[in-house]
Structures are given as C-alpha cells and as structure tokens.
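Here is the structure we will look at, set down as structure tokens.
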Amino acid sequence: MAKEIKTIGVLTSGGDAPGMNAAIRAVVRTAIARGVKVKGIKKGYQGLLNEEIIDMEAKDVADIIHRGGTVLGTARCLEFKTPEGQQKGAEICKKHGIDGIVVIGGDGSYRGAQALSRLGINTIGIPGTIDLDIACTEYTIGFDTAVNTAMEAIDKVKDTSSSHERCSIIEVMGRDAGYIALWCGIANGAEDILLPEKYDYNEQEIINNIIASRKKGKTHHIIINAEGIGHSTSMARRIEAATGIETRATILGYMQRGGNPSAKDRYYASIMGAYAVDILLEGKTNRVVGYQHGEFVDFDIEEGLNMQKSIDEYQFEVAHLLSV
C-alpha cells in the first residue's frame with residue numbers, strides 16, 4: 001500500500017525557464033486544496049543540502065504566474081551527484097517531514113529525483129527546460145517563450161542586416177539540441193540553419209549559399225547558429241574574408257531564458273504542476289510528467305531518460321525548401 005503523503009516539497013533545478021513560477025504556483029495551490037502541506041526548497045538540490053526550506057501557503061505564490069525565472073531560485077549542485085550527497089538529501093527530507101518532492105528541471109534534475117525515490121522519498125519530475133530536449137514529452141516549460149523571444153530579436157537583426165546588405169550569424173541557445181534554432185530558422189525565414197544534430201561543418205557550402213543568394217539579388221543572408229556549434233564570431237570573420245560581404249555575429253545568450261512567460265508556458269506549466277501533485281497523492285514515485293498527443297501523461301524516469309529524441313527529418317527538409 002502506498003504511503004500517505006502529508007507534506008510535499010517543490011524545487012527548481014538546473015537552468016531557469018519561463019513558466020517555472022506557474023508550475024510552482026500550481027504545485028502549492030493544488031497541494032493545499034488537497035489538504036497537503038507544502039515546503040519550498042530554495043536553490044535546487046544545493047538548497048536542499050543547505051536546508052534552505054520554507055513553509056509555503058497559497059498567498060506565497062500570488063502574483064508570480066507572469067514572472068520569468070523562478071522565485072525559489074536554482075543552482076547546480078555537484079555534491080548531489082554523489083551517493084553521499086543524495087543520502088544526505090533524503091535524510092534532510094525526512095527531518096523536515098517531506099514525504100514527496102516535485103522537481104522542476106531537465107534530465108540532470110531527474111537523475112537527482114530518481115536517487116531520492118530510491119531512498120524512500122516519492123518524487124515526480126516536471127520538464128522545465130527551454131531546449132525542448134526531453135524525449136518523453138512534446139513540450140517543455142519555457143520553450144515557447146524562449147523561441148518567441150529569439151524570433152523577435154532575429155526579426156530586428158534582420159532589418160539591420162537588410163539595410164546594410166550584410167550577412168548575419170545569429171546564435172541561439174541549444175547546447176545539445178537544435179530545436180530553438182530550427183523553429184527560429186523557419187519562423188524567421190533564415191537562409192541557413194546550423195543544428196548540433198545535423199551540421200557537417202562544411203563551411204564552404206554556406207559560403208556558396210551566400211554568394212548564390214547575393215547573385216539572385218538578396219540584400220541579406222541570415223544564418224541561425226545553435227549554441228552547440230558556437231564560434232559565431234570567428235565564423236563571421238571567415239565568411240566575410242571568403243565572400244567580401246560584411247558579416248556580423250549576434251549572440252542572443254541568456255536573454256532567451258528571461259522575460260514574462262507566454263500564455264502557452266503559463267497554461268501548460270500550471271496543468272503539469274497540478275498533475276504532478278495528483279499523481280504523487282496517488283502513491284506514484286520516480287515519474288516524469290510529459291505531454292504527448294494532446295494529453296498530459298507520466299513515465300518512469302528511467303524510461304524517460306532512455307528515450308531518444310532527434311530532429312524531425314521532414315521538418316528539417318521543409319526548413320531547407322523554404323530557405324531557397
């Protein structure tokens with residue numbers, strides 16, 4: 001028989017993402033509505049180990065749904081990757097009466113949740129990452145806002161690029177996953193899109209594309225470059241030297257993590273937060289919440305981590321077709 005959950009902890013871990021606050025709010029208010037106490041854990045797993053744990057009431061999450069970042073704070077914690085750190089974390093949970101934890105973060109955060117589950121603390125993960133790189137879900141909290149932030153910035157750079165008849169390399173976030181780059185490449189009408197999953201480092205092909213576009217009368221050339229490829233500034237110098245066309249690099253960086261979350265990120269994060277609480281109260285543990293085929297679902301964390309996600313070949317093909 002599943003143990004009764006009387007107190008739930010909630011933490012955000014890894015990189016922040018717009019919509020995390022909506023998820024926190026949903027966890028707190030759903031739990032309280034179900035008669036369960038909530039404790040907020042500040043600064044992720046590091047805050048857990050430091051016992052930065054606070055009681056949370058419904059009023060504590062008022063007026064946060066529209067805010068970017070995370071009101072609980074987040075940090076990376078190397079100590080929690082060790083068995084000793086994980087054991088310490090579980091003991092602290094028990095000390096504070098925390099029966100279950102909702103962890104909002106990416107795949108690294110899930111491994112910490114998995115460890116706590118093995119040590120007797122029921123855990124549920126919620127996908128909070130702007131990179132859309134969690135294989136078991138079609139949606140991750142923060143992606144919609146991040147891609148719209150990048151799209152709007154690229155539109156502005158494109159205006160200047162056209163005015164000065166430049167080539168512009170615009171670097172977006174995505175260390176291992178190219179979804180922001182792919183979406184922006186299509187949404188912004190980029191001429192070239194460089195993705196970690198697809199790029200073959202054939203720079204000459206890009207140079208040939210730029211020269212061919214200029215001969216057709218194009219006054220600009222936009223290259224969307226994913227962070228995982230990087231080196232945008234040196235790439236710009238090489239392209240300018242090879243083509244004779246003024247080339248500039250713009251690195252959008254952490255601005256993509258911030259800002260008010262979109263309606264989609266607020267809505268989906270809210271449902272995921274409530275869903276995480278409800279499956280915890282059903283006695284589930286070591287699960288990750290996902291969204292597939294129009295429904296909110298949950299998977300075993302190990303199953304979710306073992307799933308593979310790749311760039312859709314048809315979408316990638318369409319991106320090239322539309323850039324001609």
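All residue names refer to the structure tokens as shown: chains lettered A, B, ... in order, residues numbered from 1 in each chain, ligands numbered from 1 in order.
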I'd like a table as JSON lines: residues in stretch 18-98 of chain A with an atom no more than 12 Å from stretch 131-153 of chain A, each row giving the shortest atom pair and its distance in Å to one decimal, only C-alpha atoms counted, sorted by chain and rising residue number.
```
{"residue": "A:Pro18", "atom": "CA", "partner": "A:Gly142", "partner_atom": "CA", "distance": 4.5}
{"residue": "A:Gly19", "atom": "CA", "partner": "A:Gly142", "partner_atom": "CA", "distance": 5.7}
{"residue": "A:Met20", "atom": "CA", "partner": "A:Ile141", "partner_atom": "CA", "distance": 6.9}
{"residue": "A:Asn21", "atom": "CA", "partner": "A:Ile141", "partner_atom": "CA", "distance": 10.1}
{"residue": "A:Ala22", "atom": "CA", "partner": "A:Ile141", "partner_atom": "CA", "distance": 9.5}
{"residue": "A:Ala23", "atom": "CA", "partner": "A:Ile141", "partner_atom": "CA", "distance": 8.7}
{"residue": "A:Ile24", "atom": "CA", "partner": "A:Ile141", "partner_atom": "CA", "distance": 11.8}
{"residue": "A:His66", "atom": "CA", "partner": "A:Thr145", "partner_atom": "CA", "distance": 11.6}
{"residue": "A:Arg67", "atom": "CA", "partner": "A:Thr145", "partner_atom": "CA", "distance": 11.8}
{"residue": "A:Gly68", "atom": "CA", "partner": "A:Gly142", "partner_atom": "CA", "distance": 9.2}
{"residue": "A:Gly69", "atom": "CA", "partner": "A:Gly142", "partner_atom": "CA", "distance": 9.6}
{"residue": "A:Thr70", "atom": "CA", "partner": "A:Gly142", "partner_atom": "CA", "distance": 11.4}
```
Save the residues we just selected, C-alpha atoms, as a compact mmCIF listing (two decimals), in the first residue's frame?
```txt
# COMPACT_ATOMS: atom_id res chain seq x y z
CA PRO A 18 9.93 31.00 -18.19
CA GLY A 19 6.88 29.25 -16.74
CA MET A 20 8.64 27.66 -13.77
CA ASN A 21 6.78 30.05 -11.47
CA ALA A 22 3.47 28.96 -12.93
CA ALA A 23 4.41 25.35 -12.13
CA ILE A 24 5.45 26.24 -8.57
CA HIS A 66 3.54 36.19 -15.03
CA ARG A 67 7.13 36.43 -13.82
CA GLY A 68 10.13 34.90 -15.54
CA GLY A 69 12.82 32.97 -13.72
CA THR A 70 11.99 31.06 -10.54
```
Contacts of stretch 210-216 of chain A within 10 Å, only C-alpha atoms, excl. fewer than 6 positions in-chain, as a list in words: Glu165, Cys167, Glu191, Asp192, Gln204, Ile222, Ile223, Ile239, Ala242, Thr243, Gly244, Ile245 and Val324 of chain A
Surrounding residues of A:Gly100 excluding itself and chain neighbours under 3 positions, 12 Å, only C-alpha atoms, as a ChimeraX atom specification: /A:2-11,27,31,36-40,90,93-94,96-97,103,113-114,116-117,119-125,276-287
Point-to-point distance in Å for atom CA of A:Ser234 and atom CA of A:Ala190: 19.7 Å
Close residues, stretch 180-182 of chain A itself excluded, 7 Å, only C-alpha atoms, min 6 positions apart in chain, as a PyMOL selection string: chain A and resi 131+147+172-174+193+195+224-226
Selected residues written out, C-alpha atoms, as a PDB file, in the first residue's frame:
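Output file again-v6.pdb is given in full below:
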```pdb
ATOM      1  CA  ASP A 131      15.679  23.466 -25.091  1.00  0.00           C
ATOM      2  CA  VAL A 147      11.691  30.663 -29.081  1.00  0.00           C
ATOM      3  CA  VAL A 172      20.601  30.985 -30.239  1.00  0.00           C
ATOM      4  CA  MET A 173      20.644  28.699 -27.201  1.00  0.00           C
ATOM      5  CA  GLY A 174      20.773  24.937 -27.536  1.00  0.00           C
ATOM      6  CA  ILE A 193      20.201  26.798 -40.085  1.00  0.00           C
ATOM      7  CA  LEU A 195      21.936  22.408 -35.746  1.00  0.00           C
ATOM      8  CA  ILE A 224      20.781  30.751 -37.367  1.00  0.00           C
ATOM      9  CA  ASN A 225      23.525  29.027 -35.416  1.00  0.00           C
ATOM     10  CA  ALA A 226      22.839  26.823 -32.375  1.00  0.00           C
TER      11      ALA A 226
END
```
Apply DSSP to the backbone of this structure and, from stretch 73-320 of chain A, keep only the residues in strand (DSSP E or B); write these as a PDB file with C-alpha atoms, in the first residue's frame.
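Full text of states_36.pdb as output:
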```pdb
ATOM      1  CA  GLY A 100       7.342  13.633  -1.657  1.00  0.00           C
ATOM      2  CA  ILE A 101       9.095  16.156  -3.893  1.00  0.00           C
ATOM      3  CA  VAL A 102       8.158  17.761  -7.191  1.00  0.00           C
ATOM      4  CA  VAL A 103      11.338  18.558  -9.136  1.00  0.00           C
ATOM      5  CA  ILE A 104      11.047  21.100 -11.963  1.00  0.00           C
ATOM      6  CA  GLY A 105      14.020  20.920 -14.325  1.00  0.00           C
ATOM      7  CA  ASN A 122       8.415   9.881  -3.558  1.00  0.00           C
ATOM      8  CA  THR A 123       9.457  12.081  -6.489  1.00  0.00           C
ATOM      9  CA  ILE A 124       7.844  13.469  -9.618  1.00  0.00           C
ATOM     10  CA  GLY A 125       9.719  15.407 -12.309  1.00  0.00           C
ATOM     11  CA  ILE A 126       8.292  18.221 -14.427  1.00  0.00           C
ATOM     12  CA  PRO A 127      10.144  19.146 -17.658  1.00  0.00           C
ATOM     13  CA  GLY A 128      11.446  22.669 -17.171  1.00  0.00           C
ATOM     14  CA  ILE A 141       8.270  24.539 -19.852  1.00  0.00           C
ATOM     15  CA  CYS A 167      25.256  38.550 -43.729  1.00  0.00           C
ATOM     16  CA  SER A 168      24.220  37.970 -40.107  1.00  0.00           C
ATOM     17  CA  ILE A 169      25.037  34.936 -37.976  1.00  0.00           C
ATOM     18  CA  ILE A 170      22.659  34.824 -35.028  1.00  0.00           C
ATOM     19  CA  GLU A 171      23.485  32.366 -32.275  1.00  0.00           C
ATOM     20  CA  VAL A 172      20.601  30.985 -30.239  1.00  0.00           C
ATOM     21  CA  ASP A 192      20.888  28.677 -43.338  1.00  0.00           C
ATOM     22  CA  ILE A 193      20.201  26.798 -40.085  1.00  0.00           C
ATOM     23  CA  LEU A 194      23.038  25.090 -38.211  1.00  0.00           C
ATOM     24  CA  HIS A 221      21.667  36.442 -45.553  1.00  0.00           C
ATOM     25  CA  ILE A 222      20.552  35.143 -42.155  1.00  0.00           C
ATOM     26  CA  ILE A 223      22.310  32.162 -40.561  1.00  0.00           C
ATOM     27  CA  ILE A 224      20.781  30.751 -37.367  1.00  0.00           C
ATOM     28  CA  ASN A 225      23.525  29.027 -35.416  1.00  0.00           C
ATOM     29  CA  ALA A 226      22.839  26.823 -32.375  1.00  0.00           C
ATOM     30  CA  THR A 247      29.295  39.684 -41.907  1.00  0.00           C
ATOM     31  CA  ARG A 248      28.351  40.205 -38.282  1.00  0.00           C
ATOM     32  CA  ALA A 249      27.689  37.792 -35.410  1.00  0.00           C
ATOM     33  CA  THR A 250      24.995  38.346 -32.783  1.00  0.00           C
ATOM     34  CA  ILE A 251      24.849  36.045 -29.760  1.00  0.00           C
ATOM     35  CA  ARG A 287       7.809   9.506 -12.565  1.00  0.00           C
ATOM     36  CA  VAL A 288       8.230  12.365 -15.004  1.00  0.00           C
ATOM     37  CA  VAL A 289       5.276  14.349 -16.334  1.00  0.00           C
ATOM     38  CA  GLY A 290       5.008  14.757 -20.095  1.00  0.00           C
ATOM     39  CA  TYR A 291       2.701  15.943 -22.846  1.00  0.00           C
ATOM     40  CA  GLN A 292       2.017  13.669 -25.814  1.00  0.00           C
ATOM     41  CA  GLU A 295      -2.700  14.626 -23.316  1.00  0.00           C
ATOM     42  CA  PHE A 296      -0.737  15.040 -20.094  1.00  0.00           C
ATOM     43  CA  VAL A 297       0.925  11.741 -19.222  1.00  0.00           C
ATOM     44  CA  ASP A 298       3.661  10.357 -16.970  1.00  0.00           C
ATOM     45  CA  PHE A 299       6.555   7.952 -17.463  1.00  0.00           C
ATOM     46  CA  ASP A 300       9.008   6.109 -15.278  1.00  0.00           C
TER      47      ASP A 300
END
```
Members of stretch 53-271 of chain A assigned helix (DSSP H, G or I) by DSSP, as number ranges by chain: A: 58-61, 79-81, 83-95, 107-118, 143-163, 179-187, 203-215, 232-243, 253-256, 263-271
Atom-to-atom span, atom CA of A:Lys218 and atom CA of A:Thr233, Å: 22.4 Å
